[in-house]
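What follows is the content of structure33.txt, which has compact mmCIF, C-alpha atoms:
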# COMPACT_ATOMS: atom_id res chain seq x y z
CA MET A 140 0.00 0.00 0.00
CA GLY A 141 1.66 3.21 -1.16
CA MET A 142 1.13 6.11 1.23
CA GLU A 143 3.67 8.61 -0.11
CA ARG A 144 1.28 11.55 0.12
CA ILE A 145 0.44 10.65 3.72
CA ASP A 146 4.16 10.64 4.54
CA ARG A 147 4.29 14.14 3.03
CA ILE A 148 1.40 15.28 5.27
CA ILE A 149 3.08 14.13 8.47
CA GLY A 150 6.29 15.84 7.35
CA HIS A 151 4.60 19.06 6.24
CA PRO A 152 5.63 22.18 8.22
CA LEU A 153 2.02 23.43 8.47
CA PHE A 154 0.88 20.07 9.84
CA ASP A 155 3.75 20.11 12.34
CA LYS A 156 2.96 23.69 13.38
CA HIS A 157 -0.71 22.91 14.11
CA MET A 158 0.15 19.64 15.86
CA THR A 159 2.47 21.61 18.13
CA LEU A 160 -0.24 24.22 18.80
CA ASN A 161 -2.78 21.48 19.58
CA ARG A 162 -0.33 19.77 21.93
CA GLU A 163 0.34 23.04 23.76
CA ALA A 164 -3.39 23.88 23.96
CA GLU A 165 -4.20 20.47 25.44
CA LYS A 166 -1.19 19.98 27.73
CA ASP A 167 -3.42 20.12 30.81
CA ARG A 168 -6.52 18.56 29.24
CA ARG A 169 -7.95 15.71 31.33
CA PHE A 170 -10.18 14.33 28.61
CA CYS A 171 -9.51 12.84 25.17
CA ARG A 172 -6.73 14.59 23.31
CA HIS A 173 -6.50 15.50 19.66
CA ASP A 174 -3.10 14.04 18.95
CA MET A 175 -1.42 11.61 16.57
CA ALA A 176 -2.73 8.60 18.50
CA HIS A 177 -6.31 9.84 18.02
CA PHE A 178 -5.71 10.67 14.35
CA LEU A 179 -4.31 7.20 13.66
CA ASP A 180 -7.10 5.48 15.60
CA VAL A 181 -9.64 7.34 13.46
CA ALA A 182 -7.77 6.48 10.25
CA ARG A 183 -7.49 2.79 11.06
CA ILE A 184 -11.10 2.46 12.18
CA ALA A 185 -12.27 4.32 9.06
CA ARG A 186 -10.17 2.00 6.90
CA ILE A 187 -11.78 -1.04 8.54
CA MET A 188 -15.24 0.45 7.96
CA ASN A 189 -14.33 1.15 4.34
CA LEU A 190 -13.31 -2.48 3.85
CA GLU A 191 -16.30 -3.91 5.75
CA GLU A 192 -18.75 -1.75 3.83
CA GLY A 193 -17.04 -2.29 0.46
CA LEU A 194 -16.93 1.45 -0.23
CA GLY A 195 -13.71 1.41 -2.22
CA ILE A 196 -12.45 4.71 -0.84
CA GLU A 197 -8.72 5.16 -1.42
CA ASP A 198 -6.62 4.64 1.72
CA GLU A 199 -4.75 7.92 1.23
CA LEU A 200 -8.03 9.85 1.27
CA ILE A 201 -9.06 8.13 4.50
CA TYR A 202 -5.72 8.81 6.17
CA ALA A 203 -5.59 12.41 4.90
CA ALA A 204 -9.06 13.14 6.32
CA ALA A 205 -8.23 11.45 9.64
CA LEU A 206 -4.86 13.19 10.04
CA LEU A 207 -6.33 16.61 9.33
CA HIS A 208 -9.83 16.39 10.85
CA ASP A 209 -8.84 17.94 14.21
CA ILE A 210 -5.70 19.80 13.15
CA GLY A 211 -7.29 23.16 13.99
CA ARG A 212 -8.53 22.19 17.43
CA HIS A 213 -6.36 24.84 19.11
CA LEU A 214 -8.26 27.55 17.19
CA GLN A 215 -11.47 26.44 18.90
CA TYR A 216 -9.84 26.87 22.30
CA PHE A 217 -8.20 30.22 21.63
CA GLU A 218 -10.31 31.91 18.95
CA GLY A 219 -13.74 30.31 19.33
CA ILE A 220 -13.70 28.91 15.78
CA SER A 221 -15.34 25.49 15.56
CA HIS A 222 -12.53 23.02 15.11
CA GLU A 223 -14.15 21.29 12.15
CA GLN A 224 -14.27 24.60 10.26
CA ALA A 225 -10.77 25.58 11.40
CA SER A 226 -9.41 22.20 10.31
CA ALA A 227 -11.23 22.37 6.96
CA GLY A 228 -9.64 25.78 6.46
CA ILE A 229 -6.11 24.51 7.15
CA ALA A 230 -6.35 21.26 5.16
CA PRO A 231 -6.37 22.55 1.54
CA ALA A 232 -2.90 24.12 1.71
CA VAL A 233 -1.42 20.93 3.19
CA LEU A 234 -3.24 18.66 0.73
CA LYS A 235 -2.20 20.73 -2.30
CA ASP A 236 1.45 20.73 -1.23
CA CYS A 237 1.30 16.97 -0.70
CA GLY A 238 0.05 16.15 -4.21
CA PHE A 239 -3.70 15.76 -3.76
CA THR A 240 -5.84 16.83 -6.70
CA GLU A 241 -8.43 19.56 -6.43
CA GLU A 242 -11.21 16.95 -6.49
CA GLU A 243 -9.53 14.91 -3.73
CA THR A 244 -8.95 18.06 -1.67
CA ILE A 245 -12.63 19.00 -1.92
CA SER A 246 -13.67 15.48 -0.85
CA VAL A 247 -11.29 15.40 2.14
CA THR A 248 -12.10 18.96 3.20
CA ASP A 249 -15.83 18.29 2.97
CA ALA A 250 -15.44 15.20 5.17
CA ILE A 251 -13.44 17.22 7.71
CA ALA A 252 -16.05 20.00 7.78
CA ALA A 253 -18.84 17.44 8.35
CA HIS A 254 -17.10 15.19 10.89
CA ARG A 255 -19.28 16.42 13.78
CA ASP A 256 -22.55 16.58 11.80
CA GLY A 257 -24.76 13.67 12.82
CA ALA A 258 -26.68 14.02 9.55
CA VAL A 259 -23.77 12.33 7.72
CA ALA A 260 -23.50 9.37 10.13
CA GLY A 261 -25.31 6.93 7.86
CA GLU A 262 -23.65 7.99 4.63
CA ARG A 263 -21.67 5.39 2.74
CA SER A 264 -18.96 7.91 1.95
CA LEU A 265 -15.75 9.43 3.28
CA ARG A 266 -17.89 11.86 5.25
CA GLY A 267 -19.86 9.03 6.86
CA ILE A 268 -16.93 6.85 7.82
CA LEU A 269 -14.92 9.79 9.17
CA TYR A 270 -17.87 10.76 11.38
CA ARG A 271 -18.40 7.19 12.62
CA ALA A 272 -14.70 6.40 13.08
CA ASP A 273 -14.14 9.61 15.05
CA LYS A 274 -16.93 8.69 17.46
CA ALA A 275 -15.86 5.03 17.69
CA SER A 276 -12.23 5.91 18.43
CA ARG A 277 -12.78 6.99 22.03
CA PRO A 278 -12.11 4.25 24.65
CA CYS A 279 -14.55 5.55 27.28
CA PHE A 280 -14.76 2.09 28.90
CA CYS A 281 -11.24 2.51 30.33
CA CYS A 282 -11.12 6.27 30.85
CA ASP A 283 -10.29 7.46 34.36
CA VAL A 284 -12.33 10.67 33.97
CA ARG A 285 -15.36 9.32 32.07
CA GLU A 286 -17.75 10.31 34.88
CA ASP A 287 -16.70 13.96 34.44
CA CYS A 288 -16.88 13.87 30.65
CA SER A 289 -19.44 16.06 28.91
CA TRP A 290 -20.43 13.28 26.50
CA LYS A 291 -23.87 11.90 27.27
CA GLN A 292 -23.80 8.43 28.77
CA GLU A 293 -25.47 6.85 25.72
CA ARG A 294 -22.73 8.27 23.44
CA LYS A 295 -19.84 6.90 25.49
CA ASN A 296 -18.05 3.86 24.06
CA MET A 297 -18.37 1.33 26.83
CA ARG A 298 -17.21 -1.64 24.75
CA ILE A 299 -14.67 -2.33 22.05
CA CYS A 300 -16.17 -2.25 18.57
CA TYR A 301 -13.03 -1.87 16.43
Would you write the structure of this file as structure tokens?
Amino acid sequence: MGMERIDRIIGHPLFDKHMTLNREAEKDRRFCRHDMAHFLDVARIARIMNLEEGLGIEDELIYAAALLHDIGRHLQYFEGISHEQASAGIAPAVLKDCGFTEEETISVTDAIAAHRDGAVAGERSLRGILYRADKASRPCFCCDVREDCSWKQERKNMRICY
């Protein structure tokens, strides 16, 4: 599986800058963090969903969307910009520099912008699997602070699904 463009994303200076800003913004966060572990969990779960559902979405599109879906999280903390919109605003420059076509960039950016919109949950698309994988990636069943978490009890992942 060739993932050259994904290697370019993780080595991109803009990606690195925003990862550093996210890490700094969340250094004292008690709850789930928006870091590389989360990004890779989302990517791998989305890839499994893609295979299980026979969607045929290219792996590099899945990984690009997962790596960039929360990249602007720090802007939500410090500037009040929703992180899905902030991340969708950052992604095109990174994707273009990393060799993604305009059509691919639109698809990935659209999935990022919709990754918190429950209306896309049932879609058999990049948008749908990014939404579902993001929600499925949280291991609430073993979280030490789950009782203090703002997620509603019925949304918490209390068993392993992927």
Nearest to A:Gly195: which of A:Asn161, A:Ser226, A:Gln215, A:Ser264 is it, counting only C-alpha atoms?
->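 Ranking A:Asn161, A:Ser226, A:Gln215, A:Ser264 by distance to A:Gly195, first place goes to A:Ser264.
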Pick out the residues sitting within 9 Å of A:Ile229, and hand them over as a PyMOL selection string; count all atoms listed in the file, and ignore anything fewer than 4 positions along from it in its own chain.
-> chain A and resi 153-154+157+207+210-211+224-225+233
Residue contacts of stretch 274-284 of chain A (6 Å, all atoms listed in the file) excluding same-chain residues fewer than 2 positions away, as a list in words |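 My list of contacting residues is Asp180, Val181, Arg271, Ala272, Glu286, Asp287, Lys295, Asn296 and Met297 of chain A.
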Could you state the separation of atom CA of A:Leu190 and atom CA of A:Lys235 in Å, given to one decimal place?
-> 26.5 Å
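Atom CA of A:Phe170 is found 20.1 Å from atom CA of A:Ala182.
One distance worth recording is that between atom CA of A:Arg144 and atom CA of A:Glu241, which is 14.2 Å.
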Please, what is the axis-aligned box for every listed atom of stretch 166-180 of chain A with 6 Å on each side, as centre and edge lengths in Å to one decimal, as JSON?
{"center_x": -5.7, "center_y": 12.8, "center_z": 22.5, "size_x": 21.0, "size_y": 26.6, "size_z": 29.7}
What's the 9 Å shell around A:Tyr202, counting all atoms listed in the file, without same-chain residues fewer than 4 positions away, as a list of chain:residue names?
->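 Once the adjacent positions are removed, what remains is A:Met142, A:Ile145, A:Phe178, A:Leu179, A:Val181, A:Ala182, A:Arg183, A:Ala185, A:Arg186, A:Glu197, A:Asp198, A:Leu206, A:Leu207.
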How close does each residue of stretch 153-211 of chain A get to stretch 250-256 of chain A, giving the shortest atom pair and distance in Å to one decimal for every residue with an atom at most 9 Å away, counting all atoms listed in the file, sorted by chain and residue number, as CSV?
residue,atom,partner,partner_atom,distance
A:Ala204,CA,A:Ile251,CA,6.1
A:Ala205,CA,A:Ile251,CA,8.0
A:Leu207,CA,A:Ile251,CA,7.3
A:His208,CA,A:Ile251,CA,4.9
A:Asp209,CA,A:Ile251,CA,8.0
Among the residues A:Cys171, A:Val259, A:Ile149, A:Cys288, the one that comes closest to A:Ala203 [using all atoms listed in the file] =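 Checking each of A:Cys171, A:Val259, A:Ile149, A:Cys288 against A:Ala203, counting all atoms listed in the file, the winner is A:Ile149.
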When distances are computed from all atoms listed in the file, which of A:Ile196, A:His173, A:His151, A:Gly141 shows the smallest separation from A:His222?
->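 Using all atoms listed in the file, A:His222 sits closest to A:His173.
Between A:Gly150 and the candidates A:Leu234, A:Glu242, A:Ser289, A:Gly193, the tightest atom-to-atom separation, counting all atoms listed in the file, involves A:Leu234.
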Best match for closeness to A:Arg147 among A:Cys300, A:Ala258, A:Cys237, A:Leu269, counting all atoms listed in the file | A:Cys237
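Proximity ranking of A:Met188, A:Leu200, A:Ala164, A:Ile220 relative to A:Ile245 places A:Leu200 first, based on all atoms listed in the file.
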